[in-house]
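Undergrad: Provided below: structure_0.txt, containing compact mmCIF, C-alpha atoms.
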```txt
# COMPACT_ATOMS: atom_id res chain seq x y z
CA MET A 1171 0.00 0.00 0.00
CA VAL A 1172 2.72 2.41 0.96
CA SER A 1173 5.10 1.45 -1.82
CA GLY A 1174 2.86 3.10 -4.40
CA ARG A 1175 2.82 6.28 -2.43
CA ARG A 1176 6.52 6.48 -1.83
CA SER A 1177 7.34 6.63 -5.52
CA ALA A 1178 5.23 9.79 -5.88
CA PRO A 1179 7.24 12.86 -6.83
CA PRO A 1180 7.66 15.67 -4.32
CA LEU A 1181 4.64 17.89 -3.95
CA THR A 1182 5.14 21.25 -5.57
CA LYS A 1183 3.63 24.58 -4.67
CA THR A 1184 1.55 24.41 -7.85
CA ASP A 1185 0.07 21.09 -6.68
CA ILE A 1186 -0.89 22.57 -3.34
CA PHE A 1187 -2.51 25.58 -4.98
CA SER A 1188 -4.49 23.46 -7.44
CA LEU A 1189 -5.68 21.15 -4.66
CA ARG A 1190 -6.56 24.13 -2.53
CA SER A 1191 -8.66 25.73 -5.25
CA ARG A 1192 -10.64 22.49 -5.59
CA ARG A 1193 -11.57 22.57 -1.95
CA GLY A 1194 -13.36 25.89 -2.21
CA ALA A 1195 -14.62 28.11 0.56
CA SER A 1196 -14.59 25.57 3.37
CA HIS A 1197 -10.81 25.49 3.18
CA CYS A 1198 -10.54 29.24 3.85
CA ARG A 1199 -12.63 28.92 6.99
CA PHE A 1200 -10.37 26.50 8.78
CA GLN A 1201 -7.17 28.25 7.75
CA LYS A 1202 -7.90 30.87 10.37
CA GLU A 1203 -8.46 28.35 13.09
CA VAL A 1204 -4.95 27.01 13.47
CA SER A 1205 -1.87 29.05 13.99
CA VAL A 1206 0.16 29.32 10.82
CA ALA A 1207 3.42 29.56 12.68
CA GLU A 1208 2.64 26.43 14.65
CA SER A 1209 1.79 24.59 11.46
CA ARG A 1210 5.12 25.52 9.86
CA GLN A 1211 6.99 24.45 12.96
CA ASN A 1212 5.15 21.11 13.06
CA LEU A 1213 5.95 20.40 9.46
CA LEU A 1214 9.64 21.17 9.92
CA GLN A 1215 9.65 18.82 12.90
CA LEU A 1216 8.04 16.25 10.63
CA TYR A 1217 11.08 16.40 8.38
CA ARG A 1218 13.37 15.99 11.39
CA PHE A 1219 11.34 12.98 12.48
CA CYS A 1220 11.72 11.41 9.04
CA PHE A 1221 15.42 12.11 9.10
CA LEU A 1222 15.85 10.48 12.53
CA MET A 1223 13.93 7.43 11.36
CA VAL A 1224 15.82 6.83 8.11
CA ALA A 1225 19.10 8.77 8.59
CA ASP A 1226 19.09 9.67 4.92
CA ALA A 1227 18.32 13.24 3.82
CA ARG A 1228 17.06 12.18 0.39
CA LYS A 1229 14.75 9.49 1.76
CA ALA A 1230 13.54 11.81 4.53
CA ASP A 1231 12.77 14.45 1.91
CA GLU A 1232 10.80 11.96 -0.20
CA ILE A 1233 8.81 10.69 2.77
CA PHE A 1234 8.11 14.24 3.93
CA HIS A 1235 6.74 15.19 0.53
CA ALA A 1236 4.77 11.96 0.16
CA THR A 1237 3.11 12.58 3.53
CA LEU A 1238 2.24 16.15 2.59
CA ARG A 1239 0.89 14.99 -0.76
CA GLU A 1240 -1.34 12.45 0.98
CA ALA A 1241 -2.57 15.16 3.38
CA ALA A 1242 -3.26 17.53 0.48
CA LEU A 1243 -5.18 14.83 -1.41
CA ARG A 1244 -7.26 14.07 1.66
CA THR A 1245 -7.92 17.75 2.16
CA ALA A 1246 -9.01 18.05 -1.47
CA THR A 1247 -11.55 15.27 -0.93
CA ASP A 1248 -12.91 17.00 2.17
CA GLU A 1249 -11.34 14.46 4.50
CA PRO A 1250 -8.43 16.45 5.89
CA PRO A 1251 -6.17 14.87 8.52
CA ARG A 1252 -7.77 15.02 11.96
CA ASP A 1253 -4.75 16.48 13.73
CA ARG A 1254 -1.00 16.99 13.46
CA LEU A 1255 -0.41 13.49 14.88
CA TRP A 1256 -1.73 12.08 11.62
CA PHE A 1257 1.30 13.49 9.77
CA PHE A 1258 3.70 11.73 12.12
CA GLN A 1259 1.74 8.48 12.04
CA ASP A 1260 1.65 8.47 8.27
CA ALA A 1261 5.34 9.40 8.00
CA ARG A 1262 6.24 6.75 10.54
CA TRP A 1263 4.84 3.91 8.43
CA ARG A 1264 6.50 5.27 5.32
CA CYS A 1265 9.82 5.42 7.18
CA LEU A 1266 9.42 1.86 8.44
CA GLU A 1267 8.76 0.64 4.95
CA ALA A 1268 11.69 2.57 3.58
CA ASN A 1269 13.93 1.05 6.23
CA GLU A 1270 12.80 -2.46 5.37
CA GLN A 1271 14.20 -2.09 1.86
CA GLY A 1272 17.61 -0.79 2.85
CA LEU A 1273 20.45 -2.37 4.79
CA GLN A 1274 19.21 -4.00 7.96
CA ALA A 1275 20.94 -3.66 11.31
CA GLU A 1276 21.97 -6.96 12.80
CA ASP A 1277 20.33 -8.12 15.98
CA PHE A 1278 22.81 -8.17 18.80
CA ASP A 1279 22.90 -7.27 22.46
CA VAL A 1280 23.89 -3.64 22.69
CA ASP A 1281 26.09 -2.64 25.60
CA ARG A 1282 24.58 -0.43 28.25
CA GLU A 1283 26.16 2.00 30.59
CA GLU A 1284 24.78 4.30 33.20
CA ILE A 1285 24.13 7.86 32.14
CA SER A 1286 27.22 9.85 32.79
CA ALA A 1287 27.30 13.38 34.15
CA SER A 1288 29.48 14.34 31.22
CA ALA A 1289 26.99 12.98 28.66
CA PRO A 1290 25.81 16.46 27.58
CA SER A 1291 29.35 17.49 26.68
CA GLN A 1292 29.83 14.21 24.79
CA ILE A 1293 26.58 14.78 22.90
CA GLU A 1294 27.54 18.35 22.01
CA LYS A 1295 30.47 16.98 20.04
CA LEU A 1296 28.21 14.80 17.90
CA GLU A 1297 26.82 15.65 14.51
CA PRO A 1298 23.02 15.35 14.07
CA GLU A 1299 23.63 12.77 11.33
CA GLN A 1300 25.44 10.52 13.82
CA LEU A 1301 22.48 10.64 16.17
CA ALA A 1302 20.12 9.90 13.28
CA ILE A 1303 22.22 6.92 12.22
CA TRP A 1304 22.17 5.54 15.76
CA ILE A 1305 18.40 6.02 16.17
CA SER A 1306 17.56 4.67 12.72
CA ALA A 1307 19.58 1.53 13.50
CA ALA A 1308 17.57 0.83 16.65
CA PRO A 1309 14.96 -1.91 16.39
CA GLU A 1310 11.30 -1.04 16.16
CA PRO A 1311 9.43 0.19 18.17
CA GLN A 1312 12.43 1.64 20.04
CA ARG A 1313 13.40 3.61 16.93
CA THR A 1314 10.01 5.34 16.77
CA ALA A 1315 9.94 5.91 20.52
CA LEU A 1316 13.37 7.58 20.56
CA ALA A 1317 12.74 9.67 17.43
CA LEU A 1318 9.42 10.96 18.73
CA PHE A 1319 10.65 11.54 22.27
CA TYR A 1320 13.73 13.52 21.30
CA LEU A 1321 11.79 15.69 18.87
CA ASP A 1322 10.53 17.30 22.08
CA GLU A 1323 7.28 18.00 20.29
CA PHE A 1324 4.69 15.80 21.96
CA ASP A 1325 3.21 15.27 25.37
CA HIS A 1326 3.02 11.85 26.95
CA ALA A 1327 -0.41 10.93 25.58
CA GLU A 1328 0.54 11.99 22.06
CA LEU A 1329 3.72 9.93 22.21
CA LEU A 1330 1.72 6.85 23.19
CA SER A 1331 -0.82 7.53 20.47
CA ILE A 1332 1.69 7.84 17.63
CA SER A 1333 3.98 5.04 18.77
CA GLU A 1334 1.03 2.76 19.62
CA LEU A 1335 2.80 1.72 22.80
CA LYS A 1336 1.71 1.28 26.40
CA PRO A 1337 3.16 3.65 29.01
CA ALA A 1338 5.37 0.97 30.59
CA GLU A 1339 6.66 -0.17 27.19
CA LEU A 1340 7.51 3.37 26.16
CA ALA A 1341 9.29 4.05 29.46
CA LYS A 1342 11.38 0.88 29.13
CA LEU A 1343 12.31 1.57 25.53
CA LEU A 1344 13.44 5.10 26.38
CA SER A 1345 15.32 4.00 29.46
CA ASP A 1346 17.10 1.23 27.55
CA GLY A 1347 17.78 3.66 24.72
CA ARG A 1348 19.48 6.16 27.03
CA GLU A 1349 21.80 3.54 28.51
CA GLN A 1350 22.63 2.04 25.12
CA PHE A 1351 23.26 5.47 23.64
CA GLN A 1352 25.53 6.29 26.59
CA ALA A 1353 27.53 3.12 25.94
CA TRP A 1354 27.86 4.06 22.28
CA LEU A 1355 28.86 7.60 23.24
CA ASN A 1356 31.53 6.27 25.55
CA ALA A 1357 32.83 4.15 22.69
CA ILE A 1358 33.08 6.90 20.12
CA ARG A 1359 33.68 9.90 22.40
CA PRO A 1360 35.45 8.52 25.41
CA ILE A 1361 35.39 10.62 28.53
CA VAL A 1362 38.78 12.16 29.05
CA GLU A 1363 39.74 12.18 32.70
CA SER A 1364 41.35 15.49 33.62
CA MET B 1346 2.69 10.24 43.59
CA ARG B 1347 3.33 13.93 44.14
CA ALA B 1348 5.76 13.05 46.94
CA ALA B 1349 7.52 10.53 44.70
CA LEU B 1350 7.89 13.15 41.98
CA HIS B 1351 9.20 15.68 44.48
CA ARG B 1352 11.78 13.20 45.76
CA ALA B 1353 12.75 12.19 42.22
CA ARG B 1354 13.31 15.83 41.23
CA LYS B 1355 15.89 16.14 43.95
CA SER B 1356 17.79 13.01 42.89
CA GLU B 1357 21.00 13.35 40.92
CA GLU B 1358 20.04 10.48 38.69
CA LEU B 1359 16.98 12.30 37.39
CA ALA B 1360 18.95 15.52 36.95
CA GLY B 1361 21.54 13.65 34.91
CA GLN B 1362 18.83 12.04 32.82
CA ARG B 1363 17.17 15.39 32.17
CA ASN B 1364 20.46 16.94 31.10
CA PHE B 1365 21.05 13.96 28.84
CA ASP B 1366 17.59 14.30 27.26
CA ARG B 1367 18.00 18.06 26.81
CA ALA B 1368 21.33 17.57 25.08
CA VAL B 1369 19.91 14.96 22.70
CA ALA B 1370 16.84 17.12 22.00
CA ALA B 1371 19.12 20.06 21.24
CA LEU B 1372 21.05 17.88 18.82
CA VAL B 1373 17.79 16.86 17.14
CA GLY B 1374 16.84 20.53 16.91
CA ALA B 1375 20.10 21.11 15.08
CA ILE B 1376 19.16 18.75 12.25
CA PRO B 1377 19.41 21.01 9.22
CA ILE B 1378 16.26 21.47 7.17
CA PRO B 1379 16.93 21.39 3.43
CA PRO B 1380 16.28 24.79 1.82
CA ASP B 1381 13.69 23.37 -0.58
CA ILE B 1382 11.59 22.22 2.37
CA THR B 1383 11.93 25.53 4.22
CA GLU B 1384 10.76 27.31 1.10
CA PHE B 1385 8.14 24.76 0.23
CA VAL B 1386 6.26 24.29 3.50
CA PRO B 1387 2.80 25.62 2.71
CA PRO B 1388 1.95 28.69 4.78
CA GLU B 1389 -1.46 27.29 5.66
CA THR B 1390 -2.28 24.18 7.59
CA LEU B 1391 -3.67 21.01 6.11
CA ILE B 1392 -5.13 19.91 9.39
CA SER B 1393 -8.88 19.75 9.65
CA PRO B 1394 -10.68 22.08 12.03
CA ARG B 1395 -12.15 20.69 15.19
CA PRO B 1396 -15.44 19.12 14.11
CA THR B 1397 -18.54 21.02 15.16
CA TRP B 1398 -21.56 19.24 16.58
CA LYS B 1399 -23.48 20.03 13.39
CA LYS B 1400 -20.88 18.22 11.33
CA GLN B 1401 -20.72 15.33 13.77
CA VAL B 1402 -24.48 14.90 13.62
CA ARG B 1403 -24.23 14.48 9.84
CA HIS B 1404 -21.77 11.62 10.26
CA PRO B 1405 -23.35 8.39 8.92
CA ALA B 1406 -22.74 6.55 12.18
CA PHE B 1407 -24.52 9.24 14.19
CA LEU B 1408 -27.30 9.42 11.60
CA ALA B 1409 -27.82 5.65 11.68
CA THR B 1410 -27.82 5.64 15.48
CA GLY B 1411 -30.24 8.56 15.56
CA ILE B 1412 -32.64 6.87 13.16
CA ALA B 1413 -32.45 3.62 15.13
CA VAL B 1414 -33.15 5.44 18.40
CA ALA B 1415 -36.06 7.31 16.78
CA VAL B 1416 -37.56 4.05 15.48
CA ILE B 1417 -37.15 2.36 18.87
CA ALA B 1418 -38.72 5.38 20.57
CA ALA B 1419 -41.63 5.40 18.10
CA VAL B 1420 -42.28 1.67 18.61
CA SER B 1421 -42.03 2.07 22.39
CA ILE B 1422 -44.47 5.00 22.39
CA PHE B 1423 -46.84 3.09 20.10
CA GLN B 1424 -46.74 0.07 22.41
CA PHE B 1425 -47.14 2.28 25.48
CA VAL B 1426 -50.19 4.01 24.01
CA GLU B 1427 -51.62 0.67 22.94
CA ARG B 1428 -51.08 -0.69 26.44
CA MET B 1429 -52.75 2.38 27.92
CA ASN B 1430 -55.85 1.63 25.85
CA ARG B 1431 -56.01 -2.01 26.86
CA PHE B 1432 -58.53 -3.12 29.39
CA PRO B 1433 -59.57 -6.42 31.00
CA GLY B 1434 -61.95 -8.29 28.72
CA GLU B 1435 -60.63 -6.68 25.52
CA THR B 1436 -60.03 -10.10 23.95
CA THR B 1437 -63.60 -11.17 24.60
CA ALA B 1438 -64.90 -7.85 23.28
CA ARG B 1439 -62.98 -8.29 20.01
CA ARG B 1440 -64.28 -11.81 19.63
CA LEU B 1441 -67.84 -10.58 20.18
CA LEU B 1442 -67.37 -7.90 17.52
CA THR B 1443 -66.57 -10.71 15.11
CA THR B 1444 -69.75 -12.42 16.27
CA ALA B 1445 -71.66 -9.16 15.72
CA SER B 1446 -70.42 -8.88 12.15
CA SER B 1447 -71.70 -12.38 11.31
CA THR B 1448 -74.99 -12.28 13.21
CA HIS B 1449 -78.30 -12.40 11.28
CA SER B 1450 -81.57 -11.19 12.74
CA MET B 1451 -83.11 -14.65 12.46
CA MET B 1452 -80.52 -16.00 14.90
CA LEU B 1453 -82.10 -13.93 17.70
CA ASP B 1454 -85.46 -14.35 19.40
CA PRO B 1455 -87.68 -11.47 18.30
CA VAL B 1456 -88.32 -9.14 21.23
CA LYS B 1457 -89.77 -5.68 20.78
CA THR B 1458 -89.29 -3.68 23.95
CA ASP B 1459 -86.96 -1.16 25.57
CA ALA B 1460 -83.42 -2.45 25.97
CA GLY B 1461 -83.41 -1.44 29.65
CA SER B 1462 -86.17 -3.89 30.49
CA LEU B 1463 -84.20 -6.89 29.26
CA GLY B 1464 -82.04 -6.97 32.42
CA ASP B 1465 -84.95 -8.46 34.36
CA PHE B 1466 -85.67 -10.86 31.51
CA PHE B 1467 -82.10 -12.18 31.57
CA PHE B 1468 -82.23 -12.57 35.33
CA MET B 1469 -85.62 -14.22 35.42
CA LYS B 1470 -85.17 -16.58 32.48
CA HIS B 1471 -81.44 -17.23 32.42
CA ARG B 1472 -80.42 -16.40 36.03
CA LEU B 1473 -77.93 -13.84 34.79
CA ALA B 1474 -77.45 -11.31 37.58
CA HIS B 1475 -76.36 -7.74 36.77
CA TYR B 1476 -76.82 -8.30 33.01
CA ASP B 1477 -78.25 -4.79 32.78
CA VAL B 1478 -78.21 -2.30 29.93
CA PRO B 1479 -76.73 1.05 31.07
CA PRO B 1480 -79.20 3.97 31.25
CA LYS B 1481 -77.52 5.60 28.22
CA PHE B 1482 -78.86 2.80 26.03
CA ALA B 1483 -81.87 1.74 28.09
CA ASP B 1484 -84.43 3.58 25.92
CA PHE B 1485 -83.38 2.00 22.65
CA ARG B 1486 -86.03 -0.21 21.03
CA THR B 1487 -84.98 -3.79 20.54
CA LEU B 1488 -85.46 -6.14 17.57
CA GLY B 1489 -84.35 -9.33 19.27
CA CYS B 1490 -82.12 -10.91 21.83
CA ARG B 1491 -80.49 -14.21 22.76
CA VAL B 1492 -78.21 -15.76 25.34
CA PHE B 1493 -75.44 -18.05 24.21
CA ASP B 1494 -72.19 -19.58 25.46
CA ASP B 1495 -69.06 -18.19 23.86
CA GLU B 1496 -65.87 -20.14 23.07
CA GLU B 1497 -64.78 -19.94 26.68
CA GLY B 1498 -68.10 -21.12 27.99
CA GLN B 1499 -69.12 -17.72 29.30
CA ARG B 1500 -72.78 -16.76 29.18
CA VAL B 1501 -73.20 -13.86 26.78
CA ALA B 1502 -76.40 -11.88 26.25
CA GLN B 1503 -76.84 -10.29 22.83
CA ILE B 1504 -79.43 -7.62 22.04
CA TRP B 1505 -80.21 -6.17 18.63
CA VAL B 1506 -81.67 -2.66 18.64
CA VAL B 1507 -83.34 -0.58 15.97
CA GLU B 1508 -81.02 2.43 16.36
CA LYS B 1509 -78.42 2.14 13.58
CA ARG B 1510 -78.83 -1.63 13.83
CA MET B 1511 -76.62 -1.51 16.87
CA GLN B 1512 -75.93 -4.64 18.93
CA PHE B 1513 -75.39 -4.87 22.66
CA PHE B 1514 -73.39 -7.59 24.32
CA ILE B 1515 -73.39 -8.29 28.03
CA PHE B 1516 -70.76 -10.70 29.27
CA PRO B 1517 -68.84 -11.55 32.45
CA ALA B 1518 -65.83 -9.31 33.15
CA GLU B 1519 -62.38 -10.85 33.05
CA ARG B 1520 -61.40 -12.33 36.38
CA ASP B 1521 -58.12 -12.62 38.22
CA PRO B 1522 -57.21 -16.34 38.00
CA LYS B 1523 -55.77 -16.29 41.54
CA THR B 1524 -58.44 -14.44 43.48
CA GLY B 1525 -61.39 -14.95 41.15
CA LYS B 1526 -62.21 -11.29 41.55
CA ALA B 1527 -63.39 -9.32 38.51
CA ASN B 1528 -60.77 -6.99 37.03
CA GLU B 1529 -62.46 -3.64 37.19
CA PHE B 1530 -61.91 -0.64 34.97
CA SER B 1531 -63.55 2.72 34.89
CA GLY B 1532 -65.27 4.58 32.06
CA TRP B 1533 -65.89 3.56 28.49
CA ARG B 1534 -63.18 1.82 26.48
CA TYR B 1535 -63.22 1.52 22.73
CA VAL B 1536 -62.27 -1.51 20.70
CA ASP B 1537 -62.50 -2.21 16.99
CA GLN B 1538 -62.41 -5.33 14.88
CA GLU B 1539 -63.26 -5.96 11.24
CA ARG B 1540 -64.80 -2.50 10.69
CA TRP B 1541 -66.96 -2.89 13.77
CA THR B 1542 -66.44 -0.69 16.80
CA GLY B 1543 -67.48 -1.34 20.36
CA ALA B 1544 -67.69 0.79 23.49
CA VAL B 1545 -67.22 -1.30 26.62
CA LYS B 1546 -68.05 -0.51 30.25
CA GLU B 1547 -67.66 -2.67 33.34
CA GLN B 1548 -70.02 -2.66 36.30
CA ASN B 1549 -70.63 -5.20 39.06
CA GLY B 1550 -68.33 -7.75 37.41
CA VAL B 1551 -70.25 -7.64 34.13
CA CYS B 1552 -69.19 -5.89 30.93
CA PHE B 1553 -71.61 -4.14 28.60
CA MET B 1554 -70.59 -3.47 25.02
CA ALA B 1555 -72.47 -1.38 22.48
CA ALA B 1556 -71.29 -2.31 19.00
CA LEU B 1557 -72.01 -0.92 15.57
CA ARG B 1558 -70.60 -1.16 12.09
CA GLY B 1559 -68.50 1.95 11.73
CA SER B 1560 -65.83 3.88 13.54
CA LYS B 1561 -65.34 5.25 17.01
CA ARG B 1562 -66.69 8.56 15.70
CA ASP B 1563 -70.09 6.96 15.02
CA LEU B 1564 -70.28 5.56 18.53
CA GLU B 1565 -69.00 8.53 20.50
CA PRO B 1566 -72.19 10.65 20.35
CA TYR B 1567 -74.08 7.90 22.17
CA ILE B 1568 -71.44 7.71 24.89
CA SER B 1569 -70.87 11.41 25.45
CA LYS B 1570 -74.22 13.09 24.89
CA ARG B 1571 -76.70 10.87 26.56
CA LYS B 1572 -77.00 11.19 30.28
CA GLU B 1573 -76.45 8.28 32.66
```
Written as structure tokens, how would this file's structure read?

TA:
Amino acid sequence: MVSGRRSAPPLTKTDIFSLRSRRGASHCRFQKEVSVAESRQNLLQLYRFCFLMVADARKADEIFHATLREAALRTATDEPPRDRLWFFQDARWRCLEANEQGLQAEDFDVDREEISASAPSQIEKLEPEQLAIWISAAPEPQRTALALFYLDEFDHAELLSISELKPAELAKLLSDGREQFQAWLNAIRPIVES
Amino acid sequence: MRAALHRARKSEELAGQRNFDRAVAALVGAIPIPPDITEFVPPETLISPRPTWKKQVRHPAFLATGIAVAVIAAVSIFQFVERMNRFPGETTARRLLTTASSTHSMMLDPVKTDAGSLGDFFFMKHRLAHYDVPPKFADFRTLGCRVFDDEEGQRVAQIWVVEKRMQFFIFPAERDPKTGKANEFSGWRYVDQERWTGAVKEQNGVCFMAALRGSKRDLEPYISKRKE
């Protein structure tokens, strides 16, 4: 189902305008109801989410556009997405499918280490791409949980809704993720004792 | 829970975890957005507005539920009204209306008198106590009468009067099977069957029914206008 959608070309401004004109007056009414600035911010966060999930700028770009195209098509048929969570849910499944077709991370027990007090300084030295590679290599649903949590965009209920996890599951995945990430950090950016 | 949260906030472990999370979130925030996306992001939202109650009501599921509830309510009201109109002896009254529709004058003994005087006749000849015609119909001239046993073995008196070829039936009121006491009801109750309409009244454990071929409207003037 998703494979057909992923091959769609990026949505252009012309597409959006043509779809918008088909929707007519009802579209204008709801434009006023949601903050434009918030909408822009959400959509940029959507790209970041895609990037964290696939760790590939080109793929993230494609998924971002495919999700927007789907939203625009739904809007044109008077069935616009219910809320901003829809965008992340839709993008999530596209990312998972995209990941299935690429190189797969091997299953192995990842080392864990306790969170270090110097972790923030270790993280500062990282590039965003490195973080994305680490998160995208995590198994599902930990990958989704980490990507959504570190977007710092959602409250607890929204996180559970998008990730389709139970509170205890989400907490464990995040807790494990922190310790595993700390172990990885220690491996690539060892703490230098002064 | 509040105490647990308060204690946790003070712990170094939580502070370290929060710093860790903030650092990772800051790194995520530093993910560069490609220029084409920054330029492209449509200035308006594609998210639907919060649905209003008017829109929700038009949803097929709500419509279907509403229609179902309306149908159930209509059936319930219909049954309630029907139950309100029921009275003890209604079944017998309906059966007697069927009898009325198939009765020929030759089946009755010719008697030409006032209907009110037949109460004594029924008592004297057939030992039927309280088989009286109510004063409203007592002055009507009769063509004939008879006493017969109905399907349930009850003694029924039938009187044919001149007025609109009306028929009167006098029969025992329905009784409580446990106590044997007659189930009383007040006033006149209407019943119809096969284009015949009857007005039934109970008194002293005996029901009187005036029946004619027609509707309730044809019978009502006799019930309402004539004095008791």

Undergrad: Residues within 8 Å of (20.5, 1.7, 27.1), file coordinates, counting all atoms listed in the file: what are they? Give the list as a PyMOL selection string.

TA: chain A and resi 1280-1284+1344-1353

Undergrad: Write the selection just made, keeping C-alpha atoms, as a short mmCIF file (atom, residue, chain, number, x, y, z; two decimals), in the coordinates of the input?

TA:
```cif
data_model
loop_
_atom_site.label_atom_id
_atom_site.label_comp_id
_atom_site.auth_asym_id
_atom_site.auth_seq_id
_atom_site.Cartn_x
_atom_site.Cartn_y
_atom_site.Cartn_z
CA VAL A 1280 23.89 -3.64 22.69
CA ASP A 1281 26.09 -2.64 25.60
CA ARG A 1282 24.58 -0.43 28.25
CA GLU A 1283 26.16 2.00 30.59
CA GLU A 1284 24.78 4.30 33.20
CA LEU A 1344 13.44 5.10 26.38
CA SER A 1345 15.32 4.00 29.46
CA ASP A 1346 17.10 1.23 27.55
CA GLY A 1347 17.78 3.66 24.72
CA ARG A 1348 19.48 6.16 27.03
CA GLU A 1349 21.80 3.54 28.51
CA GLN A 1350 22.63 2.04 25.12
CA PHE A 1351 23.26 5.47 23.64
CA GLN A 1352 25.53 6.29 26.59
CA ALA A 1353 27.53 3.12 25.94
#
```

Undergrad: Atom CA of Ile1285 of chain A to atom CA of Leu1343 of chain A: how many Å, to one decimal?

TA: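 Pair atom CA of Ile1285 of chain A / atom CA of Leu1343 of chain A returns 14.9 Å.
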
Undergrad: Just checking: using all atoms listed in the file, which residue out of A:Trp1256, A:Phe1234, A:Phe1221, A:Tyr1320 ends up closest to chain B?

TA: A:Tyr1320

Undergrad: One decimal, in Å: what's the spacing between atom CA of Ala1445 of chain B and atom CA of Ala1474 of chain B?

TA: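 Atom CA of Ala1474 of chain B lies at a distance of 22.7 Å from atom CA of Ala1445 of chain B.
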
Undergrad: Given the choices A:Ala1268, A:Met1223, A:Ala1287, A:Ala1338, which gets closest to chain B if the distance is worked out from all atoms listed in the file?

TA: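 Under the stated criterion, the closest residue is A:Ala1287.
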
Undergrad: Which one is closest to chain B: A:Leu1329, A:Ile1361, A:Ala1307, A:Ala1302? Count all atoms listed in the file.

TA: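 Answer, going by the shortest atom-to-atom distance: A:Ala1302.
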
Undergrad: Separation of atom CA of Thr1443 of chain B and atom CA of Trp1541 of chain B, in Å?

TA: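 Going from atom CA of Thr1443 of chain B over to atom CA of Trp1541 of chain B, I get 7.9 Å.
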
Undergrad: When distances are computed from all atoms listed in the file, which of B:Ser1356, B:Asp1454, B:Asp1366, B:His1351 shows the smallest separation from chain A?

TA: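 Ranked by minimum distance to chain A, first place goes to B:Asp1366.
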
Undergrad: Which of these residues is nearest to Pro1480 of chain B, using all atoms listed in the file: B:Thr1436, B:Thr1410, B:Gln1499, B:Ser1462?

TA: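 Comparing B:Thr1436, B:Thr1410, B:Gln1499, B:Ser1462 against Pro1480 of chain B, the winner is B:Ser1462.
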
Undergrad: Looking at only C-alpha atoms, which of B:Pro1405, B:Gly1461, B:Pro1380, B:Gly1550 is the one that sits closest to chain A?

TA: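 The shortest atom-to-atom distance to chain A comes from B:Pro1380.
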
Undergrad: When you look at Gln1271 of chain A with a cut-off of 12 Å (counting all atoms listed in the file), what residues show up, excluding the ones that are within fewer than 5 positions of it in the same chain? I need them as an mmCIF file with C-alpha atoms, keeping the file's coordinate frame.

TA:
```cif
data_model
loop_
_atom_site.group_PDB
_atom_site.id
_atom_site.type_symbol
_atom_site.label_atom_id
_atom_site.label_comp_id
_atom_site.auth_asym_id
_atom_site.auth_seq_id
_atom_site.Cartn_x
_atom_site.Cartn_y
_atom_site.Cartn_z
ATOM 1 C CA SER A 1173 5.100 1.450 -1.820
ATOM 2 C CA VAL A 1224 15.820 6.830 8.110
ATOM 3 C CA LYS A 1229 14.750 9.490 1.760
ATOM 4 C CA ARG A 1264 6.500 5.270 5.320
ATOM 5 C CA CYS A 1265 9.820 5.420 7.180
ATOM 6 C CA LEU A 1266 9.420 1.860 8.440
#
```

Undergrad: For segment 1371-1375 of chain B, work out the shell of residues within 8 Å, counting all atoms listed in the file and skipping chain neighbours fewer than 5 positions away, then give it as a compact mmCIF listing (two decimals) with C-alpha atoms, in the coordinates of the input.

TA:
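Output file result.txt is given in full below:
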```txt
# COMPACT_ATOMS: atom_id res chain seq x y z
CA ARG A 1218 13.37 15.99 11.39
CA ILE A 1293 26.58 14.78 22.90
CA GLU A 1294 27.54 18.35 22.01
CA LEU A 1296 28.21 14.80 17.90
CA GLU A 1297 26.82 15.65 14.51
CA PRO A 1298 23.02 15.35 14.07
CA LEU A 1301 22.48 10.64 16.17
CA TYR A 1320 13.73 13.52 21.30
CA LEU A 1321 11.79 15.69 18.87
```

Undergrad: Determine, counting only C-alpha atoms, which protein, DNA and RNA residues have an atom within 12 Å of an atom of Glu1565 of chain B; residues of the same chain fewer than 5 positions away are not included. Present the result as a list in words.

TA: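 The residues that qualify are Lys1481, Trp1533, Arg1534, Tyr1535, Thr1542, Gly1543, Ala1544, Val1545, Ala1555, Ala1556, Leu1557, Gly1559, Ser1560, Lys1570 and Arg1571 of chain B.
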
Undergrad: Would you list the contacts of Ile1378 of chain B as a list in words, taking every protein, DNA or RNA residue within 10 Å and counting all atoms listed in the file, but skipping same-chain residues closer than 5 positions in sequence?

TA: Leu1214, Gln1215, Tyr1217, Arg1218, Phe1221, Ala1227 and Asp1231 of chain A; Thr1383 of chain B

Undergrad: Starting from the structure just given, write a file holding segment 1239-1253 of chain A with C-alpha atoms, as an mmCIF file, in the first residue's frame.

TA:
```
data_model
loop_
_atom_site.group_PDB
_atom_site.id
_atom_site.type_symbol
_atom_site.label_atom_id
_atom_site.label_comp_id
_atom_site.auth_asym_id
_atom_site.auth_seq_id
_atom_site.Cartn_x
_atom_site.Cartn_y
_atom_site.Cartn_z
ATOM 1 C CA ARG A 1239 0.894 14.995 -0.756
ATOM 2 C CA GLU A 1240 -1.344 12.451 0.983
ATOM 3 C CA ALA A 1241 -2.569 15.156 3.382
ATOM 4 C CA ALA A 1242 -3.263 17.527 0.480
ATOM 5 C CA LEU A 1243 -5.181 14.829 -1.408
ATOM 6 C CA ARG A 1244 -7.259 14.067 1.661
ATOM 7 C CA THR A 1245 -7.920 17.750 2.161
ATOM 8 C CA ALA A 1246 -9.007 18.047 -1.468
ATOM 9 C CA THR A 1247 -11.549 15.267 -0.933
ATOM 10 C CA ASP A 1248 -12.911 17.000 2.167
ATOM 11 C CA GLU A 1249 -11.338 14.461 4.505
ATOM 12 C CA PRO A 1250 -8.430 16.455 5.889
ATOM 13 C CA PRO A 1251 -6.175 14.867 8.515
ATOM 14 C CA ARG A 1252 -7.768 15.020 11.956
ATOM 15 C CA ASP A 1253 -4.752 16.479 13.731
#
```
